[in-house]
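J.: My structure is in run26.cif, and what it holds is mmCIF, C-alpha atoms and all ligand atoms:
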```
data_upload
#
loop_
_atom_site.label_atom_id
_atom_site.label_comp_id
_atom_site.auth_asym_id
_atom_site.auth_seq_id
_atom_site.Cartn_x
_atom_site.Cartn_y
_atom_site.Cartn_z
CA MET P 76 24.65 -64.82 244.18
CA ILE P 77 26.32 -64.33 240.84
CA LEU P 78 28.22 -67.63 240.91
CA GLU P 79 27.60 -70.80 242.86
CA THR P 80 29.47 -74.08 242.56
CA GLN P 81 28.20 -77.28 244.15
CA GLY P 82 30.62 -80.16 244.66
CA VAL P 83 32.75 -79.28 241.64
CA SER P 84 35.43 -81.89 240.93
CA LYS P 85 37.86 -82.40 238.09
CA PHE P 86 39.80 -85.63 237.78
CA PHE P 87 42.68 -86.23 235.38
CA GLY P 88 42.92 -90.01 235.41
CA GLY P 89 43.59 -90.85 239.04
CA LEU P 90 44.56 -87.27 239.96
CA LYS P 91 41.88 -85.31 241.82
CA ALA P 92 42.96 -81.85 240.65
CA VAL P 93 39.75 -80.32 242.10
CA ASN P 94 37.75 -82.28 244.62
CA ASP P 95 34.22 -81.43 245.75
CA VAL P 96 34.53 -77.64 245.85
CA SER P 97 31.41 -75.67 246.75
CA LEU P 98 31.47 -71.91 247.02
CA THR P 99 29.30 -68.88 246.44
CA ILE P 100 30.31 -65.49 245.12
CA ARG P 101 28.06 -62.50 245.66
CA GLU P 102 27.54 -59.74 243.12
CA GLY P 103 30.03 -56.91 243.51
CA GLN P 104 32.56 -58.94 245.47
CA ILE P 105 36.21 -59.45 244.87
CA PHE P 106 36.59 -63.12 245.71
CA GLY P 107 40.10 -64.51 246.16
CA LEU P 108 41.11 -68.08 245.44
CA ILE P 109 44.45 -69.01 246.95
CA GLY P 110 46.53 -72.10 247.58
CA PRO P 111 49.98 -73.48 246.86
CA ASN P 112 51.24 -74.50 243.43
CA GLY P 113 49.21 -77.35 242.02
CA ALA P 114 46.31 -76.82 244.47
CA GLY P 115 43.79 -76.78 241.62
CA LYS P 116 43.07 -73.05 241.28
CA THR P 117 43.47 -72.82 237.52
CA THR P 118 41.65 -76.11 236.99
CA PHE P 119 38.74 -74.80 239.08
CA GLN P 120 38.61 -71.63 236.96
CA ASN P 121 38.67 -73.79 233.84
CA CYS P 122 35.63 -75.71 235.11
CA ILE P 123 33.74 -72.46 235.74
CA ALA P 124 34.65 -70.70 232.50
CA GLY P 125 34.08 -73.60 230.11
CA THR P 126 37.60 -74.70 229.17
CA PHE P 127 36.39 -78.17 230.11
CA PRO P 128 33.40 -79.49 232.05
CA PRO P 129 33.78 -80.60 235.66
CA THR P 130 33.92 -84.37 236.18
CA GLN P 131 31.27 -83.94 238.88
CA GLY P 132 29.27 -81.11 240.38
CA SER P 133 27.46 -78.08 239.05
CA VAL P 134 28.08 -74.43 238.26
CA ARG P 135 25.33 -71.82 238.44
CA PHE P 136 25.86 -68.34 237.01
CA LYS P 137 23.26 -65.61 237.58
CA GLY P 138 20.84 -68.33 238.65
CA ARG P 139 21.30 -70.43 235.50
CA ASP P 140 22.90 -73.87 235.45
CA ILE P 141 25.86 -73.43 233.09
CA THR P 142 27.61 -76.71 233.92
CA GLY P 143 29.43 -77.92 230.82
CA TYR P 144 28.90 -74.71 228.83
CA LYS P 145 31.77 -74.12 226.41
CA ALA P 146 33.99 -71.04 226.86
CA HIS P 147 32.25 -68.93 224.18
CA ARG P 148 28.86 -69.56 225.80
CA CYS P 149 30.23 -68.60 229.19
CA CYS P 150 31.52 -65.40 227.58
CA HIS P 151 28.07 -64.63 226.16
CA GLN P 152 26.58 -65.19 229.59
CA GLY P 153 28.84 -62.40 230.87
CA MET P 154 32.10 -64.05 231.95
CA ALA P 155 35.57 -62.98 230.87
CA ARG P 156 39.04 -63.95 232.00
CA THR P 157 42.72 -63.17 231.91
CA TYR P 158 45.43 -65.80 232.02
CA GLN P 159 48.43 -66.63 234.17
CA ILE P 160 50.54 -66.61 231.01
CA VAL P 161 49.24 -63.67 229.02
CA ARG P 162 47.69 -64.66 225.72
CA SER P 163 47.83 -62.07 223.00
CA PHE P 164 47.77 -62.17 219.23
CA PRO P 165 51.39 -61.06 218.79
CA GLN P 166 51.15 -59.90 215.20
CA MET P 167 47.98 -57.92 215.66
CA SER P 168 47.94 -54.36 216.96
CA VAL P 169 46.99 -53.51 220.53
CA LEU P 170 43.65 -52.13 219.33
CA GLU P 171 42.89 -55.23 217.24
CA ASN P 172 43.70 -57.48 220.20
CA VAL P 173 41.15 -55.66 222.34
CA MET P 174 38.61 -55.57 219.51
CA VAL P 175 38.58 -59.38 219.65
CA GLY P 176 36.96 -59.10 223.08
CA ALA P 177 34.42 -56.60 221.80
CA VAL P 178 33.54 -58.69 218.74
CA PHE P 179 33.08 -61.97 220.61
CA GLY P 180 31.50 -60.51 223.74
CA ASN P 181 28.18 -58.84 224.43
CA HIS P 182 27.39 -55.71 222.48
CA ARG P 183 25.61 -52.71 223.91
CA LYS P 184 23.51 -50.53 221.66
CA GLY P 185 25.53 -47.96 219.79
CA GLU P 186 28.90 -49.56 220.48
CA THR P 187 31.38 -50.42 217.74
CA PRO P 188 34.21 -52.91 218.35
CA GLU P 189 36.80 -50.26 217.55
CA GLY P 190 35.19 -47.63 219.75
CA LYS P 191 34.73 -50.07 222.62
CA ALA P 192 38.34 -51.29 222.35
CA SER P 193 39.65 -47.75 222.37
CA GLU P 194 37.46 -46.85 225.36
CA MET P 195 38.67 -49.89 227.35
CA LEU P 196 42.34 -49.19 226.55
CA ASP P 197 41.83 -45.72 227.99
CA TYR P 198 39.98 -47.21 230.98
CA VAL P 199 42.95 -49.46 231.87
CA GLU P 200 45.31 -46.53 231.20
CA PHE P 201 47.18 -48.38 228.49
CA PRO P 202 50.41 -46.40 228.21
CA MET P 203 51.46 -47.02 224.59
CA ALA P 204 50.18 -46.28 221.10
CA HIS P 205 47.19 -48.44 220.15
CA ASP P 206 48.63 -49.31 216.73
CA LEU P 207 51.72 -50.98 218.19
CA GLN P 208 52.04 -54.72 217.53
CA ALA P 209 51.36 -56.77 220.66
CA GLN P 210 54.66 -58.64 220.29
CA ASN P 211 56.50 -55.44 221.27
CA LEU P 212 54.84 -55.13 224.69
CA ASN P 213 56.32 -55.86 228.12
CA THR P 214 54.57 -57.87 230.85
CA MET P 215 52.73 -54.97 232.45
CA GLN P 216 51.53 -53.66 229.10
CA LEU P 217 50.33 -57.14 228.10
CA LYS P 218 48.44 -57.48 231.39
CA ARG P 219 46.66 -54.21 230.74
CA LEU P 220 45.91 -55.31 227.18
CA GLU P 221 44.38 -58.55 228.46
CA LEU P 222 42.30 -56.68 231.01
CA ALA P 223 41.07 -54.29 228.33
CA ARG P 224 40.20 -57.22 226.06
CA ALA P 225 38.26 -58.95 228.83
CA LEU P 226 36.38 -55.77 229.75
CA ALA P 227 35.60 -55.03 226.09
CA SER P 228 33.26 -58.05 226.18
CA ASN P 229 31.03 -56.12 228.64
CA CYS P 230 31.47 -58.86 231.23
CA GLU P 231 29.72 -58.91 234.58
CA PHE P 232 32.11 -61.47 236.06
CA LEU P 233 35.86 -61.37 235.56
CA LEU P 234 38.32 -64.16 236.37
CA LEU P 235 41.87 -62.98 236.94
CA ASP P 236 44.64 -65.60 237.07
CA GLU P 237 47.83 -64.28 238.67
CA VAL P 238 47.45 -60.81 237.30
CA ALA P 239 50.23 -59.49 239.57
CA ALA P 240 52.91 -62.07 238.75
CA GLY P 241 56.11 -60.49 237.50
CA LEU P 242 55.16 -56.89 238.31
CA THR P 243 57.31 -54.34 240.16
CA PRO P 244 55.96 -52.88 243.45
CA ALA P 245 54.93 -49.67 241.66
CA GLU P 246 53.14 -51.64 238.94
CA LEU P 247 51.47 -53.70 241.66
CA ASP P 248 50.03 -50.54 243.23
CA ASP P 249 48.69 -49.50 239.82
CA ILE P 250 47.09 -52.86 239.12
CA THR P 251 45.58 -52.95 242.62
CA ALA P 252 43.94 -49.58 242.02
CA LEU P 253 42.70 -50.77 238.63
CA ILE P 254 41.17 -53.96 240.08
CA LEU P 255 39.29 -51.89 242.67
CA ARG P 256 38.10 -49.51 239.95
CA ILE P 257 36.80 -52.44 237.89
CA ARG P 258 34.93 -53.79 240.93
CA ASP P 259 33.49 -50.34 241.65
CA SER P 260 32.19 -50.20 238.08
CA GLY P 261 29.95 -53.18 238.92
CA VAL P 262 32.02 -56.14 237.75
CA THR P 263 32.32 -59.08 240.17
CA ILE P 264 35.86 -60.49 240.28
CA LEU P 265 37.34 -63.91 241.05
CA ILE P 266 41.05 -63.49 241.54
CA VAL P 267 43.61 -66.29 241.73
CA GLU P 268 46.82 -64.97 243.16
CA HIS P 269 49.91 -65.98 245.09
CA LEU P 270 50.71 -62.47 246.21
CA MET P 271 49.19 -62.16 249.68
CA LYS P 272 49.63 -58.39 249.80
CA LEU P 273 47.27 -58.02 246.85
CA ILE P 274 44.81 -60.68 248.00
CA MET P 275 44.53 -59.33 251.54
CA SER P 276 44.12 -55.74 250.40
CA VAL P 277 41.41 -56.18 247.77
CA CYS P 278 39.36 -59.30 248.60
CA ASP P 279 36.00 -59.29 250.37
CA GLN P 280 36.04 -63.09 250.67
CA ILE P 281 38.71 -65.75 250.19
CA ALA P 282 38.61 -69.51 249.62
CA VAL P 283 41.68 -71.66 250.15
CA LEU P 284 42.42 -74.75 248.10
CA ASN P 285 44.94 -77.41 249.02
CA PHE P 286 45.42 -80.61 247.02
CA GLY P 287 42.20 -79.83 245.16
CA GLU P 288 40.06 -79.45 248.27
CA LYS P 289 38.65 -76.31 249.85
CA ILE P 290 40.17 -76.11 253.33
CA ALA P 291 38.89 -72.66 254.34
CA ASP P 292 36.50 -69.92 253.23
CA GLY P 293 36.08 -66.51 254.88
CA THR P 294 37.00 -62.86 255.06
CA PRO P 295 40.69 -61.90 254.82
CA ALA P 296 40.73 -61.43 258.61
CA GLU P 297 39.25 -64.91 259.16
CA ILE P 298 41.69 -66.51 256.71
CA THR P 299 44.60 -64.70 258.36
CA ARG P 300 43.54 -66.08 261.73
CA ASP P 301 43.00 -69.61 260.40
CA GLU P 302 45.83 -71.59 261.91
CA GLY P 303 45.10 -74.56 259.71
CA VAL P 304 45.64 -72.44 256.60
CA ALA P 305 48.79 -70.78 257.90
CA LYS P 306 50.37 -73.94 259.22
CA ALA P 307 49.27 -76.26 256.45
CA TYR P 308 50.99 -74.53 253.58
CA LEU P 309 51.38 -70.78 253.57
CA GLY P 310 53.75 -70.57 256.51
CA ALA P 311 52.58 -68.66 259.57
CA ASP P 312 54.40 -65.47 258.51
CA ALA P 313 53.18 -65.38 254.94
CA LEU P 314 49.72 -64.09 255.78
CA LEU P 315 50.95 -61.32 258.01
CA HIS P 316 53.15 -59.49 255.49
N1 LIG P 401 45.26 -80.93 231.64
C1 LIG P 401 45.78 -81.58 232.69
N2 LIG P 401 46.10 -82.89 232.64
C2 LIG P 401 46.61 -83.52 233.71
N3 LIG P 401 46.86 -82.95 234.90
C3 LIG P 401 46.58 -81.64 235.00
C4 LIG P 401 46.03 -80.90 233.92
N4 LIG P 401 45.87 -79.61 234.33
C5 LIG P 401 46.28 -79.56 235.61
N5 LIG P 401 46.72 -80.77 236.02
C6 LIG P 401 47.20 -81.11 237.35
O1 LIG P 401 46.18 -80.73 238.26
C7 LIG P 401 46.76 -80.21 239.47
C8 LIG P 401 46.20 -78.83 239.70
O2 LIG P 401 46.79 -77.95 238.75
P1 LIG P 401 46.39 -76.41 238.63
O3 LIG P 401 47.18 -75.84 237.50
O4 LIG P 401 44.92 -76.29 238.59
O5 LIG P 401 46.92 -75.83 240.02
P2 LIG P 401 47.11 -74.32 240.46
O6 LIG P 401 46.61 -74.22 241.86
O7 LIG P 401 46.50 -73.41 239.46
O8 LIG P 401 48.69 -74.19 240.43
P3 LIG P 401 49.64 -72.90 240.18
O9 LIG P 401 49.49 -72.03 241.39
O10 LIG P 401 51.01 -73.50 240.09
O11 LIG P 401 49.19 -72.26 238.91
C9 LIG P 401 48.27 -80.27 239.30
O12 LIG P 401 48.74 -81.46 239.90
C10 LIG P 401 48.44 -80.31 237.79
O13 LIG P 401 49.64 -80.97 237.44
#
```
Rewrite the coordinates I just gave you, this time as structure tokens.
T.:
Amino acid sequence: MILETQGVSKFFGGLKAVNDVSLTIREGQIFGLIGPNGAGKTTFQNCIAGTFPPTQGSVRFKGRDITGYKAHRCCHQGMARTYQIVRSFPQMSVLENVMVGAVFGNHRKGETPEGKASEMLDYVEFPMAHDLQAQNLNTMQLKRLELARALASNCEFLLLDEVAAGLTPAELDDITALILRIRDSGVTILIVEHLMKLIMSVCDQIAVLNFGEKIADGTPAEITRDEGVAKAYLGADALLH
């Protein structure tokens, strides 16, 4: 297992945003986390990646208890993430944005931040000049920039939060292929996504959250057949298309 959570909960006052969630993610998997708006998906990711500690429960990463580790420590352990609302440094160039990931992440022998950033921009097939300011980029370009920045840290585990939101169907096909390529390069992926087409086509395993609780966990085929999941909140048709 690369990641294991045991009874992870996060309470905001009286609100149980995440409640007693246990799951395991194997190395090399693409693991999907789905659920309706407000189900607790982002909060759960925040508990794993060190934005804040869980109120209860534990997180193990590569066999080590990392519960309560801050975000930079999680990054040094080999975790990286992209965000639902893309976060760039608007006045810095594309290359400099990606270099941030290389500088703060794990270095491999012989790598320079600039070289690594350039390599990762090529890897994600970034379509524009690398000296362009990030504030001039559109959504798809920013998503690729964020992916390149995350990968520049030499992560082993990548958390993707709604990477497909706002993309056209053609862009979605491109990002799907890229996600599979990242997985095939040896990076384990946790993907939070509303778009069922993407989730069902790339995930090896899926967990479903509803009102902070895990209500199902299985392969895409098992989740698709789970009447509780379909009826409870996705709508019976949503999983089939
Ligand atoms: N910092 C916070 N303080 C108080 N409540 C919060 C905080 N962050 C999240 N919440 C609440 O926790 C619940 C879970 O939110 P979260 O953003 O994790 O859900 P989500 O499944 O990621 O939703 P979405 O699909 O809309 O992104 C929501 O009711 C939200 O309002």
J.: Would you mind reading off the distance between CA of Leu233 (chain P) and CA of Gly125 (chain P), one decimal, in Å?
T.: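 Straight-line distance from CA of Leu233 (chain P) to CA of Gly125 (chain P) works out to 13.5 Å.
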J.: Show me which residues line ligand LIG 401 (chain P), defined as having an atom within 10 Å of a ligand atom where only C-alpha atoms and all ligand atoms count, and present them as number ranges by chain.
T.: P: 85-93, 108-122, 127, 159-160, 236-237, 267-269, 283-287
J.: Mind checking which residues fall within 12 Å of Met275 (chain P), counting only C-alpha atoms, ignoring those fewer than 3 positions away in the same chain, and posting them as a compact mmCIF listing (two decimals) with C-alpha atoms, keeping the file's coordinate frame?
T.:
```txt
# COMPACT_ATOMS: atom_id res chain seq x y z
CA ILE P 105 36.21 -59.45 244.87
CA PHE P 106 36.59 -63.12 245.71
CA GLY P 107 40.10 -64.51 246.16
CA LEU P 108 41.11 -68.08 245.44
CA ILE P 109 44.45 -69.01 246.95
CA THR P 251 45.58 -52.95 242.62
CA ILE P 266 41.05 -63.49 241.54
CA GLU P 268 46.82 -64.97 243.16
CA HIS P 269 49.91 -65.98 245.09
CA LEU P 270 50.71 -62.47 246.21
CA MET P 271 49.19 -62.16 249.68
CA LYS P 272 49.63 -58.39 249.80
CA CYS P 278 39.36 -59.30 248.60
CA ASP P 279 36.00 -59.29 250.37
CA GLN P 280 36.04 -63.09 250.67
CA ILE P 281 38.71 -65.75 250.19
CA ALA P 282 38.61 -69.51 249.62
CA GLY P 293 36.08 -66.51 254.88
CA THR P 294 37.00 -62.86 255.06
CA PRO P 295 40.69 -61.90 254.82
CA ALA P 296 40.73 -61.43 258.61
CA GLU P 297 39.25 -64.91 259.16
CA ILE P 298 41.69 -66.51 256.71
CA THR P 299 44.60 -64.70 258.36
CA ALA P 313 53.18 -65.38 254.94
CA LEU P 314 49.72 -64.09 255.78
CA LEU P 315 50.95 -61.32 258.01
CA HIS P 316 53.15 -59.49 255.49
```
J.: Looking at all atoms listed in the file, which of P:Arg148, P:Asn94, P:Cys230, P:Lys289 is the one that sits closest to Asn181 (chain P)?
T.: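 Among the listed residues, the smallest separation from Asn181 (chain P) belongs to P:Cys230.
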J.: Could you give me, as a list in words, the residues that sit within 10 Å of (40.4, -50.9, 221.8) in the file's coordinates, counting all atoms listed in the file?
T.: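 Checked against the point, the hits come out as Ser168, Val169, Leu170, Glu171, Asn172, Val173, Met174, Val175, Gly176, Ala177, Thr187, Pro188, Glu189, Gly190, Lys191, Ala192, Ser193, Glu194, Met195, Leu196, Asp197, Tyr198, Phe201, His205, Asp206, Leu220, Ala223, Arg224 and Ala227 of chain P.
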J.: Next, the residues of the selection above should be written as a PDB file, keeping the file's coordinate frame with C-alpha atoms.
T.:
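The resulting file, out-v2.pdb, is reproduced below:
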```
ATOM      1  CA  SER P 168      47.940 -54.360 216.960  1.00  0.00           C
ATOM      2  CA  VAL P 169      46.990 -53.510 220.530  1.00  0.00           C
ATOM      3  CA  LEU P 170      43.650 -52.130 219.330  1.00  0.00           C
ATOM      4  CA  GLU P 171      42.890 -55.230 217.240  1.00  0.00           C
ATOM      5  CA  ASN P 172      43.700 -57.480 220.200  1.00  0.00           C
ATOM      6  CA  VAL P 173      41.150 -55.660 222.340  1.00  0.00           C
ATOM      7  CA  MET P 174      38.610 -55.570 219.510  1.00  0.00           C
ATOM      8  CA  VAL P 175      38.580 -59.380 219.650  1.00  0.00           C
ATOM      9  CA  GLY P 176      36.960 -59.100 223.080  1.00  0.00           C
ATOM     10  CA  ALA P 177      34.420 -56.600 221.800  1.00  0.00           C
ATOM     11  CA  THR P 187      31.380 -50.420 217.740  1.00  0.00           C
ATOM     12  CA  PRO P 188      34.210 -52.910 218.350  1.00  0.00           C
ATOM     13  CA  GLU P 189      36.800 -50.260 217.550  1.00  0.00           C
ATOM     14  CA  GLY P 190      35.190 -47.630 219.750  1.00  0.00           C
ATOM     15  CA  LYS P 191      34.730 -50.070 222.620  1.00  0.00           C
ATOM     16  CA  ALA P 192      38.340 -51.290 222.350  1.00  0.00           C
ATOM     17  CA  SER P 193      39.650 -47.750 222.370  1.00  0.00           C
ATOM     18  CA  GLU P 194      37.460 -46.850 225.360  1.00  0.00           C
ATOM     19  CA  MET P 195      38.670 -49.890 227.350  1.00  0.00           C
ATOM     20  CA  LEU P 196      42.340 -49.190 226.550  1.00  0.00           C
ATOM     21  CA  ASP P 197      41.830 -45.720 227.990  1.00  0.00           C
ATOM     22  CA  TYR P 198      39.980 -47.210 230.980  1.00  0.00           C
ATOM     23  CA  PHE P 201      47.180 -48.380 228.490  1.00  0.00           C
ATOM     24  CA  HIS P 205      47.190 -48.440 220.150  1.00  0.00           C
ATOM     25  CA  ASP P 206      48.630 -49.310 216.730  1.00  0.00           C
ATOM     26  CA  LEU P 220      45.910 -55.310 227.180  1.00  0.00           C
ATOM     27  CA  ALA P 223      41.070 -54.290 228.330  1.00  0.00           C
ATOM     28  CA  ARG P 224      40.200 -57.220 226.060  1.00  0.00           C
ATOM     29  CA  ALA P 227      35.600 -55.030 226.090  1.00  0.00           C
TER      30      ALA P 227
END
```
J.: Pick from P:Ile274, P:Thr80, P:Gln208, P:Asn229: nearest to Arg183 (chain P), with only C-alpha atoms counted?
T.: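 With only C-alpha atoms as the atom set, the closest residue is P:Asn229.
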J.: Work out how far apart CA of Arg101 (chain P) and CA of Arg162 (chain P) are and give it in Å to one decimal.
T.: 28.1 Å
J.: So, with all atoms listed in the file as the atoms that count, which of P:Gln104, P:Leu98, P:Leu234, P:Gln210 lies closest to Ala124 (chain P)?
T.: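 Of all the options, P:Leu234 lies closest to Ala124 (chain P).
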J.: From the options P:Phe179, P:Glu200, P:Ile77, P:Val134, which residue's atoms come nearest to Arg256 (chain P), counting all atoms listed in the file?
T.: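 Closest residue, counting all atoms listed in the file: P:Glu200.
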J.: Just the number, please: distance in Å from CA of Ile123 (chain P) to CA of Ile254 (chain P), one decimal.
T.: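 Atom-to-atom, CA of Ile123 (chain P) and CA of Ile254 (chain P) are spaced 20.4 Å apart.
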J.: Can you tell me, as a list in words, what residues are no more than 10 Å from Phe232 (chain P) when counting all atoms listed in the file, ignoring any on the same chain fewer than 3 positions away?
T.: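 That gives Ile77, Leu78, Glu102, Gly103, Gln104, Ile105, Phe136, Lys137, Cys150, Gln152, Gly153, Met154, Ala155, Arg156, Ala225, Leu226, Asn229, Leu235, Arg258, Gly261, Val262, Thr263, Ile264 and Leu265 of chain P.
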J.: Quick one: what's the axis-aligned box for region 222-230 of chain P, all listed atoms, 4 Å on every side, centre and edges in Å to one decimal, as lines of an AutoDock Vina configuration file?
T.:
```
center_x = 36.7
center_y = -56.6
center_z = 228.6
size_x = 19.3
size_y = 12.7
size_z = 13.2
```
J.: Would you kindly return, as a VMD selection string, each protein, DNA or RNA residue with an atom no farther than 10 Å from any atom of Ile250 (chain P), considering all atoms listed in the file and excluding same-chain residues fewer than 5 positions away?
T.: chain P and resid 199 215 218 to 219 238 to 239 242 244 to 245 255 to 256 273
J.: For Pro165 (chain P), which residue among P:Ala204, P:Ala146, P:Val304, P:Leu217 is the nearest when counting only C-alpha atoms?
T.: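 Residue with the minimum atom-to-atom distance to Pro165 (chain P): P:Leu217.
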